[in-house]
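Novice: So here's target-v4.txt (compact mmCIF, C-alpha atoms).
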# COMPACT_ATOMS: atom_id res chain seq x y z
CA MET A 249 27.78 -63.64 -17.58
CA VAL A 250 26.20 -65.27 -20.65
CA THR A 251 24.52 -67.85 -18.41
CA ASP A 252 23.12 -65.10 -16.18
CA VAL A 253 21.69 -63.24 -19.18
CA LEU A 254 20.01 -66.37 -20.54
CA GLN A 255 18.51 -67.22 -17.15
CA GLU A 256 17.25 -63.66 -16.68
CA THR A 257 15.71 -63.74 -20.17
CA ALA A 258 13.90 -67.02 -19.47
CA ALA A 259 12.76 -65.77 -16.05
CA SER A 260 11.53 -62.54 -17.62
CA ARG A 261 9.55 -64.52 -20.20
CA SER A 262 7.77 -66.54 -17.49
CA ALA A 263 7.12 -63.38 -15.48
CA ALA A 264 5.69 -61.64 -18.55
CA VAL A 265 3.35 -64.58 -19.20
CA SER A 266 2.22 -64.47 -15.57
CA ARG A 267 1.45 -60.75 -15.71
CA SER A 268 -0.32 -60.81 -19.08
CA ALA A 269 -2.42 -63.87 -18.23
CA GLY A 270 -3.54 -62.53 -14.86
CA PHE A 271 -1.67 -64.96 -12.62
CA HIS A 272 -0.96 -64.19 -9.01
CA ARG A 273 1.61 -66.05 -6.93
CA GLU A 274 1.20 -67.43 -3.42
CA VAL A 275 3.36 -69.55 -1.13
CA ILE A 276 1.58 -72.06 1.09
CA ASP A 277 3.23 -74.01 3.92
CA THR A 278 2.72 -77.77 3.65
CA ALA A 279 3.96 -80.91 5.35
CA LEU A 280 6.70 -81.19 2.69
CA GLY A 281 7.75 -77.54 2.89
CA PRO A 282 6.73 -74.18 1.38
CA CYS A 283 4.86 -74.60 -1.91
CA ALA A 284 4.77 -71.86 -4.57
CA VAL A 285 1.52 -71.63 -6.51
CA ARG A 286 0.32 -69.58 -9.49
CA VAL A 287 -3.42 -68.93 -9.69
CA GLN A 288 -5.25 -67.59 -12.73
CA GLU A 289 -8.81 -66.66 -11.91
CA ALA A 290 -11.46 -67.13 -14.59
CA PRO A 291 -13.77 -64.16 -15.23
CA ASP A 292 -17.05 -66.02 -14.64
CA ALA A 293 -16.00 -69.17 -12.80
CA ARG A 294 -17.15 -70.35 -9.40
CA SER A 295 -14.39 -70.03 -6.83
CA HIS A 296 -14.73 -73.59 -5.51
CA ILE A 297 -13.68 -75.41 -8.70
CA ALA A 298 -10.30 -75.32 -10.42
CA ASP A 299 -8.23 -76.92 -13.15
CA VAL A 300 -5.02 -78.00 -11.41
CA TYR A 301 -1.74 -78.58 -13.25
CA LEU A 302 0.95 -80.89 -11.79
CA HIS A 303 4.37 -81.01 -13.44
CA GLY A 304 6.77 -83.92 -13.65
CA ALA A 305 10.17 -84.64 -12.11
CA ALA A 306 12.00 -82.53 -14.67
CA GLY A 307 9.97 -79.35 -14.64
CA SER A 308 7.87 -76.78 -12.84
CA TRP A 309 4.63 -74.90 -13.46
CA THR A 310 6.22 -73.56 -16.67
CA THR A 311 5.81 -77.01 -18.27
CA PHE A 312 2.22 -76.00 -19.02
CA LEU A 313 2.90 -72.57 -20.55
CA PRO A 314 1.88 -73.76 -24.07
CA LEU A 315 -1.62 -74.62 -22.75
CA LEU A 316 -2.26 -71.25 -21.06
CA SER A 317 -2.87 -68.96 -24.02
CA ASP A 318 -6.68 -68.82 -23.80
CA SER A 319 -8.82 -67.24 -21.11
CA PRO A 320 -9.89 -70.06 -18.77
CA GLU A 321 -13.44 -71.28 -18.11
CA ARG A 322 -12.42 -72.20 -14.58
CA ASP A 323 -9.68 -71.01 -12.28
CA ARG A 324 -6.27 -72.45 -13.10
CA VAL A 325 -3.91 -73.52 -10.34
CA LEU A 326 -0.29 -74.31 -11.25
CA ILE A 327 1.79 -75.78 -8.45
CA ASP A 328 5.55 -76.03 -8.08
CA LEU A 329 5.75 -79.26 -6.12
CA PRO A 330 8.16 -79.29 -3.12
CA GLY A 331 11.68 -79.71 -4.46
CA TRP A 332 11.07 -78.10 -7.85
CA GLY A 333 10.72 -74.64 -9.35
CA ASP A 334 10.17 -71.97 -6.72
CA SER A 335 9.46 -74.61 -4.06
CA THR A 336 13.07 -75.72 -3.66
CA GLU A 337 14.11 -73.92 -0.49
CA GLY A 338 12.96 -75.70 2.65
CA ALA A 339 11.63 -78.74 0.74
CA ARG A 340 11.60 -81.96 2.76
CA LEU A 341 12.34 -84.70 0.22
CA GLY A 342 12.93 -87.56 2.66
CA PRO A 343 9.23 -88.29 3.24
CA ALA A 344 8.20 -87.29 -0.32
CA THR A 345 6.28 -90.43 -1.28
CA VAL A 346 3.59 -90.29 -3.95
CA GLU A 347 1.01 -90.31 -1.16
CA ALA A 348 2.73 -87.44 0.65
CA MET A 349 3.05 -85.35 -2.53
CA ALA A 350 -0.62 -85.94 -3.30
CA GLY A 351 -1.48 -84.84 0.23
CA THR A 352 0.57 -81.69 -0.31
CA VAL A 353 -1.43 -80.85 -3.44
CA VAL A 354 -4.68 -81.27 -1.53
CA GLU A 355 -3.28 -79.11 1.30
CA VAL A 356 -2.60 -76.37 -1.22
CA LEU A 357 -6.03 -76.62 -2.84
CA ASN A 358 -7.81 -76.59 0.51
CA GLY A 359 -5.69 -73.63 1.56
CA LEU A 360 -6.80 -71.77 -1.55
CA GLY A 361 -10.45 -72.56 -0.83
CA TYR A 362 -11.15 -75.02 -3.65
CA ARG A 363 -13.52 -77.93 -3.02
CA LYS A 364 -13.57 -79.60 -6.44
CA TRP A 365 -10.94 -79.94 -9.12
CA ASN A 366 -9.92 -81.31 -12.50
CA LEU A 367 -6.33 -82.56 -12.48
CA VAL A 368 -3.83 -82.35 -15.35
CA GLY A 369 -0.59 -84.16 -14.58
CA HIS A 370 2.50 -84.59 -16.73
CA SER A 371 4.92 -87.46 -16.17
CA MET A 372 5.26 -87.92 -12.37
CA GLY A 373 2.49 -85.34 -11.98
CA GLY A 374 0.18 -87.80 -13.72
CA VAL A 375 0.91 -90.44 -11.07
CA ILE A 376 0.18 -87.92 -8.31
CA ALA A 377 -3.05 -86.88 -10.04
CA LEU A 378 -4.24 -90.48 -10.31
CA HIS A 379 -3.51 -91.08 -6.62
CA ILE A 380 -5.53 -87.99 -5.68
CA ALA A 381 -8.42 -89.34 -7.76
CA ALA A 382 -8.25 -92.63 -5.84
CA GLU A 383 -7.86 -91.05 -2.39
CA TRP A 384 -10.16 -88.02 -2.79
CA PRO A 385 -12.91 -89.26 -5.16
CA GLY A 386 -15.51 -86.78 -3.91
CA GLN A 387 -13.38 -83.79 -4.84
CA THR A 388 -11.76 -85.07 -8.06
CA LEU A 389 -13.94 -84.46 -11.11
CA SER A 390 -11.53 -85.70 -13.79
CA VAL A 391 -7.89 -86.59 -14.44
CA ALA A 392 -5.75 -86.07 -17.53
CA ALA A 393 -2.47 -87.95 -17.17
CA VAL A 394 -0.07 -86.92 -19.95
CA SER A 395 2.77 -89.44 -20.30
CA ALA A 396 2.46 -90.54 -16.67
CA THR A 397 5.54 -92.43 -15.46
CA MET A 398 3.81 -95.56 -14.23
CA LEU A 399 4.57 -99.26 -14.08
CA GLY A 400 7.43 -99.38 -16.58
CA VAL A 401 9.35 -96.60 -14.84
CA ALA A 402 8.65 -98.08 -11.39
CA GLU A 403 10.02 -101.46 -12.46
CA ALA A 404 13.08 -99.85 -14.07
CA ALA A 405 13.76 -97.88 -10.87
CA ARG A 406 13.56 -101.09 -8.81
CA GLN A 407 15.67 -103.15 -11.23
CA PRO A 408 17.87 -100.78 -13.27
CA TRP A 409 19.78 -103.46 -15.15
CA GLN A 410 16.57 -104.93 -16.55
CA GLY A 411 15.29 -101.41 -17.17
CA LEU A 412 18.24 -100.75 -19.49
CA PHE A 413 16.58 -103.06 -22.02
CA ARG A 414 13.04 -101.68 -21.64
CA ILE A 415 13.44 -97.96 -20.82
CA PRO A 416 17.17 -97.26 -21.32
CA PHE A 417 16.97 -93.46 -21.37
CA PHE A 418 15.19 -93.39 -18.01
CA VAL A 419 17.88 -95.55 -16.39
CA VAL A 420 20.63 -93.34 -17.84
CA MET A 421 18.81 -90.27 -16.52
CA ILE A 422 18.60 -91.79 -13.02
CA LEU A 423 22.35 -92.39 -13.03
CA LEU A 424 23.08 -88.85 -14.23
CA MET A 425 20.77 -87.23 -11.70
CA ARG A 426 22.06 -89.38 -8.84
CA SER A 427 25.68 -88.54 -9.67
CA THR A 428 25.05 -84.80 -9.92
CA ALA A 429 22.81 -84.72 -6.80
CA VAL A 430 25.80 -85.36 -4.54
CA PHE A 431 27.27 -82.00 -5.59
CA GLY A 432 24.19 -80.04 -4.50
CA LYS A 433 23.96 -76.54 -6.00
CA ALA A 434 27.19 -77.11 -7.93
CA GLY A 435 25.56 -80.06 -9.70
CA ARG A 436 22.56 -77.95 -10.66
CA ALA A 437 24.87 -75.19 -11.91
CA LEU A 438 26.70 -77.70 -14.10
CA ILE A 439 23.43 -78.86 -15.68
CA ARG A 440 22.43 -75.25 -16.34
CA LEU A 441 25.79 -74.55 -17.93
CA VAL A 442 25.45 -77.55 -20.24
CA GLY A 443 21.90 -76.43 -20.95
CA ASN A 444 23.24 -73.41 -22.79
CA THR A 445 25.21 -75.57 -25.23
CA PRO A 446 24.11 -77.66 -28.24
CA PHE A 447 25.01 -80.78 -26.24
CA MET A 448 21.89 -80.39 -24.08
CA ARG A 449 19.61 -80.74 -27.11
CA LEU A 450 21.43 -83.95 -28.01
CA LEU A 451 21.23 -85.19 -24.42
CA LEU A 452 17.47 -84.57 -24.24
CA SER A 453 16.70 -85.77 -27.76
CA PRO A 454 15.06 -89.06 -26.58
CA LEU A 455 12.31 -86.98 -24.95
CA PHE A 456 11.10 -85.58 -28.28
CA ALA A 457 10.00 -86.97 -31.63
CA ASP A 458 11.71 -84.10 -33.47
CA PRO A 459 14.37 -82.58 -31.19
CA ALA A 460 15.53 -80.12 -33.86
CA ALA A 461 12.08 -78.48 -33.90
CA ILE A 462 12.03 -77.74 -30.16
CA PRO A 463 12.74 -74.04 -29.47
CA ALA A 464 16.04 -73.33 -27.75
CA HIS A 465 14.33 -71.64 -24.80
CA VAL A 466 12.43 -74.88 -24.05
CA ILE A 467 15.70 -76.83 -23.90
CA ARG A 468 17.28 -74.17 -21.67
CA ARG A 469 14.22 -74.18 -19.42
CA LEU A 470 14.43 -77.95 -18.91
CA ALA A 471 18.09 -77.59 -17.95
CA ARG A 472 17.39 -74.64 -15.66
CA GLU A 473 14.61 -76.51 -13.86
CA ALA A 474 16.59 -79.71 -13.28
CA ARG A 475 16.65 -80.66 -9.60
CA PRO A 476 18.81 -83.83 -9.34
CA ALA A 477 18.03 -84.58 -5.68
CA ALA A 478 14.29 -84.08 -6.20
CA PHE A 479 14.37 -86.21 -9.36
CA TYR A 480 16.08 -89.06 -7.57
CA ALA A 481 13.62 -88.81 -4.66
CA ALA A 482 10.74 -88.95 -7.14
CA THR A 483 12.05 -92.13 -8.75
CA ARG A 484 12.23 -93.76 -5.31
CA ALA A 485 8.67 -92.64 -4.61
CA VAL A 486 7.32 -94.16 -7.83
CA ALA A 487 9.30 -97.37 -7.30
CA GLN A 488 7.67 -97.81 -3.87
CA TYR A 489 4.14 -96.91 -4.96
CA ASP A 490 1.28 -99.44 -4.88
CA PHE A 491 -0.51 -98.98 -8.21
CA ASP A 492 -3.39 -101.21 -7.09
CA GLN A 493 -4.77 -98.15 -5.31
CA TRP A 494 -5.97 -96.89 -8.69
CA ARG A 495 -8.65 -99.57 -8.79
CA SER A 496 -10.88 -97.29 -6.72
CA ILE A 497 -10.78 -94.42 -9.25
CA SER A 498 -14.27 -93.63 -10.50
CA CYS A 499 -13.98 -90.28 -12.31
CA PRO A 500 -13.30 -89.91 -16.05
CA VAL A 501 -9.61 -90.40 -16.81
CA LEU A 502 -7.66 -89.48 -19.93
CA ALA A 503 -4.24 -91.13 -20.17
CA THR A 504 -1.93 -90.30 -23.07
CA ARG A 505 1.54 -91.17 -24.29
CA GLY A 506 3.57 -89.96 -27.24
CA GLU A 507 4.21 -92.42 -30.03
CA CYS A 508 7.96 -91.94 -29.37
CA ASP A 509 7.63 -91.73 -25.59
CA ALA A 510 10.87 -92.67 -23.85
CA PHE A 511 9.28 -93.06 -20.41
CA THR A 512 5.71 -94.32 -20.94
CA PRO A 513 5.39 -97.58 -22.90
CA GLN A 514 2.14 -98.68 -24.48
CA SER A 515 1.87 -101.50 -21.94
CA ASP A 516 1.37 -98.90 -19.18
CA LEU A 517 -1.67 -97.46 -20.95
CA ASP A 518 -3.03 -100.95 -21.64
CA GLN A 519 -2.88 -101.87 -17.95
CA LEU A 520 -4.48 -98.59 -16.94
CA ALA A 521 -7.29 -99.06 -19.48
CA SER A 522 -8.06 -102.48 -18.00
CA LEU A 523 -9.35 -100.75 -14.84
CA GLY A 524 -12.62 -99.73 -16.48
CA SER A 525 -14.53 -98.01 -19.27
CA HIS A 526 -14.19 -94.64 -17.51
CA ILE A 527 -10.52 -94.60 -18.53
CA ARG A 528 -9.70 -93.44 -22.04
CA THR A 529 -6.19 -93.97 -23.44
CA VAL A 530 -4.69 -92.16 -26.42
CA THR A 531 -1.35 -92.41 -28.18
CA VAL A 532 -0.52 -88.96 -29.56
CA GLN A 533 1.26 -89.04 -32.89
CA GLY A 534 4.27 -86.90 -33.72
CA CYS A 535 5.62 -86.44 -30.20
CA GLY A 536 7.66 -88.01 -27.43
CA HIS A 537 7.37 -87.51 -23.68
CA PHE A 538 6.47 -83.80 -23.97
CA ALA A 539 3.26 -83.77 -26.02
CA ILE A 540 2.38 -80.50 -24.27
CA ALA A 541 5.24 -78.84 -26.19
CA GLU A 542 5.17 -80.86 -29.43
CA GLN A 543 1.42 -81.35 -29.97
CA THR A 544 -0.15 -78.57 -27.92
CA ALA A 545 -3.36 -78.30 -29.96
CA VAL A 546 -4.00 -82.05 -29.77
CA VAL A 547 -3.49 -82.10 -26.00
CA GLN A 548 -5.82 -79.13 -25.55
CA GLN A 549 -8.51 -80.80 -27.64
CA LEU A 550 -8.24 -83.97 -25.55
CA LEU A 551 -8.53 -81.90 -22.37
CA ASP A 552 -11.62 -80.14 -23.69
CA GLU A 553 -13.23 -83.49 -24.46
CA THR A 554 -12.43 -84.76 -20.97
CA TYR A 555 -13.91 -81.66 -19.32
CA GLY A 556 -17.12 -82.38 -21.18
CA ASP A 557 -17.87 -85.12 -18.66
CA VAL A 558 -17.54 -82.80 -15.66
CA THR A 559 -20.70 -81.71 -13.85
CA TYR A 560 -20.90 -79.58 -10.72
CA GLY A 561 -24.41 -79.14 -9.37
CA ASP A 562 -26.50 -77.86 -12.26
CA VAL A 563 -23.49 -76.63 -14.23
CA THR A 564 -21.82 -78.77 -16.89
CA TYR A 565 -18.46 -77.61 -18.20
CA GLY A 566 -16.83 -78.54 -21.48
CA THR A 567 -17.45 -78.69 -25.19
CA ALA A 568 -19.96 -80.51 -27.36
CA ALA A 569 -17.18 -82.93 -28.28
CA GLY A 570 -16.69 -83.60 -24.61
CA GLN A 571 -20.36 -84.38 -24.15
CA ALA A 572 -20.16 -86.83 -27.03
CA ARG A 573 -17.21 -88.47 -25.27
CA LYS A 574 -19.29 -88.64 -22.10
CA ALA A 575 -21.97 -90.60 -23.95
CA GLN A 576 -19.31 -93.00 -25.19
CA TRP A 577 -17.87 -93.49 -21.69
CA THR A 578 -21.22 -94.14 -20.06
CA ALA A 579 -22.75 -96.27 -22.80
Let's see the structure in the file written out as structure tokens.
Specialist:
Amino acid sequence: MVTDVLQETAASRSAAVSRSAGFHREVIDTALGPCAVRVQEAPDARSHIADVYLHGAAGSWTTFLPLLSDSPERDRVLIDLPGWGDSTEGARLGPATVEAMAGTVVEVLNGLGYRKWNLVGHSMGGVIALHIAAEWPGQTLSVAAVSATMLGVAEAARQPWQGLFRIPFFVVMILLMRSTAVFGKAGRALIRLVGNTPFMRLLLSPLFADPAAIPAHVIRRLAREARPAAFYAATRAVAQYDFDQWRSISCPVLATRGECDAFTPQSDLDQLASLGSHIRTVTVQGCGHFAIAEQTAVVQQLLDETYGDVTYGDVTYGTAAGQARKAQWTA
């Protein structure tokens, strides 16, 4: 009964945010199954351009709630990827490669009528966003990859014993998710039950720089949104991905990691930065893997600067700081 009350409270909070912020929900059929989408239309934006938010393998569209307080300049599209959030039922995880998940995102955006987009991806969502930028360069205006799980995670997924020395928490998480996935809904229920105890904060502490400062509802939400089978499928997808495809990316890219990031080592950002001057890398102080929750204002400022390089026809979006960043990128 207590668990039901907590889940209803969290669900009510997300629903209240959706209503107050002007979101509407749609479900779009894709090659990987039905995909639930939240759309927030901007008052004066053109309908063919959107800021698109892609969550990681331990979340849903609610990952980005801290960034949604202001009225948007452009439409916002928040997608529950197949296997997560409200896109769990009917999800086809077998063929869910990075390429297939990226194709699903583009299916959704085309279905909604968008022709251009800025992409904001967290964790695995950052990898998907970068693939979309490589595969659909004409439609992708910019990418912000927040703690993308890139080369280090891929190597740890391929060789777990070596990964224990480089990214130990990720390897432990793979083992936990794989072991609970075999129990299906019962495994998810167990994670949710633990999520309502102090042990969950301890279990997730490597994801944050200051775990004690994270609100309890954030911890419960992470537990509630855990999808062990989808998580394990995502690790396989990243392990099999060919990162050389990113060499064709031409749009402005922001790639960040937290200074205490358990999943994204500095070496990942260094290798990404080597692809060209259009890629900006930033280590965000005072946070771990979830800078969106721990350093919301910093992440929003970095996004605003990135949007400053986006031009559509005769319209340039973004702030003066962003335009200064554009000059730095193109110098």
Novice: Please report as CSV every residue of range 278-359 of chain A lying within 10 Å of range 477-495 of chain A, along with the nearest atom pair and their distance in Å (one decimal), using only C-alpha atoms.
Specialist:
residue,atom,partner,partner_atom,distance
A:Gly304,CA,A:Phe479,CA,9.0
A:Ala305,CA,A:Phe479,CA,5.3
A:Ala306,CA,A:Phe479,CA,6.9
A:Gly307,CA,A:Phe479,CA,9.7
A:Leu329,CA,A:Ala478,CA,9.8
A:Pro330,CA,A:Ala478,CA,8.4
A:Gly331,CA,A:Ala478,CA,5.4
A:Trp332,CA,A:Ala478,CA,7.0
A:Thr336,CA,A:Ala478,CA,8.8
A:Ala339,CA,A:Ala478,CA,9.2
A:Arg340,CA,A:Ala478,CA,9.6
A:Leu341,CA,A:Ala481,CA,6.5
A:Gly342,CA,A:Ala481,CA,7.5
A:Pro343,CA,A:Ala485,CA,9.0
A:Ala344,CA,A:Ala485,CA,6.9
A:Thr345,CA,A:Ala485,CA,4.7
A:Val346,CA,A:Ala485,CA,5.6
A:Glu347,CA,A:Tyr489,CA,8.2
A:Ala348,CA,A:Ala485,CA,9.5
A:Met349,CA,A:Ala485,CA,9.4
Novice: Please check which residues have atoms at most 12 Å from (27.1, -78.3, -17.3) in the file's coordinates, counting all atoms listed in the file, and write them as an NGL selection string.
Specialist: :A and (251 or 424 or 428 or 433-448 or 451 or 468 or 471-472 or 474)
Novice: Mind pulling up the distance from CA of Ser319 in chain A to CA of Ile462 in chain A?
Specialist: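 Distance between the two atoms: 25.0 Å.
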Novice: Nearest to Ser317 in chain A: which of A:Gly536, A:Gly270, A:Arg363, A:Ile276 is it, counting only C-alpha atoms?
Specialist: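 Residue with the minimum atom-to-atom distance to Ser317 in chain A: A:Gly270.
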Novice: Find, counting only C-alpha atoms, the residue in A:Glu473, A:Glu507, A:Asp516, A:Asp277 that gets nearest to Gly359 in chain A.
Specialist: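 Closest to Gly359 in chain A of all the choices is A:Asp277.
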Novice: Counting only C-alpha atoms, which of A:Lys364, A:Arg322, A:Arg475, A:Arg469 gets nearest to Ile380 in chain A?
Specialist: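 Looking only at the distances to Ile380 in chain A, the closest residue turns out to be A:Lys364.
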Novice: One decimal, Å: what's the distance from CA of Ser515 in chain A over to CA of His537 in chain A, could you say?
Specialist: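 Answer for the CA of Ser515 in chain A to CA of His537 in chain A separation: 15.1 Å.
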Novice: Which residue gives the smallest distance to Leu367 in chain A among A:Ala464, A:Val558, A:Ala382, A:Val391, with only C-alpha atoms counted?
Specialist: A:Val391
Novice: Place a sphere of radius 6 Å on (1.7, -95.0, -20.7) in the file coordinates and name every protein, DNA or RNA residue with an atom inside or on its surface, counting only C-alpha atoms; give the answer as a PyMOL selection string.
Specialist: chain A and resi 395+505+512-514+516-517
Novice: For the residues in that selection, give me C-alpha atoms as an mmCIF file, in the coordinates of the input.
Specialist:
data_model
loop_
_atom_site.group_PDB
_atom_site.id
_atom_site.type_symbol
_atom_site.label_atom_id
_atom_site.label_comp_id
_atom_site.auth_asym_id
_atom_site.auth_seq_id
_atom_site.Cartn_x
_atom_site.Cartn_y
_atom_site.Cartn_z
ATOM 1 C CA SER A 395 2.770 -89.440 -20.300
ATOM 2 C CA ARG A 505 1.540 -91.170 -24.290
ATOM 3 C CA THR A 512 5.710 -94.320 -20.940
ATOM 4 C CA PRO A 513 5.390 -97.580 -22.900
ATOM 5 C CA GLN A 514 2.140 -98.680 -24.480
ATOM 6 C CA ASP A 516 1.370 -98.900 -19.180
ATOM 7 C CA LEU A 517 -1.670 -97.460 -20.950
#
Novice: Using the file's own x, y and z axes, what box holds all listed atoms of range 538-550 of chain A with 3 Å on each side, keeping edges along x, y and z, and what are its centre and edge lengths in Å to one decimal, as lines of an AutoDock Vina configuration file?
Specialist:
center_x = -1.0
center_y = -81.1
center_z = -27.0
size_x = 21.0
size_y = 11.7
size_z = 12.0
Novice: Between A:Phe312, A:Phe271, A:Phe456, A:Trp384, single out the one closest to Val547 in chain A, counting only C-alpha atoms.
Specialist: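 Looking only at the distances to Val547 in chain A, the closest residue turns out to be A:Phe312.
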Novice: How many Å lie between CA of Leu452 in chain A and CA of Asp299 in chain A, rounded to one decimal?
Specialist: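 Rounded to one decimal, the two atoms are 29.0 Å apart.
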Novice: I want to know what sits within 12 Å of Ile497 in chain A, based on only C-alpha atoms, with residues of the same chain fewer than 6 positions away left out; could you give that as a VMD selection string?
Specialist: chain A and resid 377 to 391 491 520 to 521 523 to 527
Novice: Those residues with C-alpha atoms, as a compact mmCIF listing (two decimals), keeping the file's coordinate frame please?
Specialist:
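File out_19.txt, as written:
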# COMPACT_ATOMS: atom_id res chain seq x y z
CA ALA A 377 -3.05 -86.88 -10.04
CA LEU A 378 -4.24 -90.48 -10.31
CA HIS A 379 -3.51 -91.08 -6.62
CA ILE A 380 -5.53 -87.99 -5.68
CA ALA A 381 -8.42 -89.34 -7.76
CA ALA A 382 -8.25 -92.63 -5.84
CA GLU A 383 -7.86 -91.05 -2.39
CA TRP A 384 -10.16 -88.02 -2.79
CA PRO A 385 -12.91 -89.26 -5.16
CA GLY A 386 -15.51 -86.78 -3.91
CA GLN A 387 -13.38 -83.79 -4.84
CA THR A 388 -11.76 -85.07 -8.06
CA LEU A 389 -13.94 -84.46 -11.11
CA SER A 390 -11.53 -85.70 -13.79
CA VAL A 391 -7.89 -86.59 -14.44
CA PHE A 491 -0.51 -98.98 -8.21
CA LEU A 520 -4.48 -98.59 -16.94
CA ALA A 521 -7.29 -99.06 -19.48
CA LEU A 523 -9.35 -100.75 -14.84
CA GLY A 524 -12.62 -99.73 -16.48
CA SER A 525 -14.53 -98.01 -19.27
CA HIS A 526 -14.19 -94.64 -17.51
CA ILE A 527 -10.52 -94.60 -18.53
Novice: Hey, which of A:Val546, A:Val419, A:Ala393, A:Cys508 ends up closest to Ser453 in chain A? Count only C-alpha atoms.
Specialist: A:Cys508
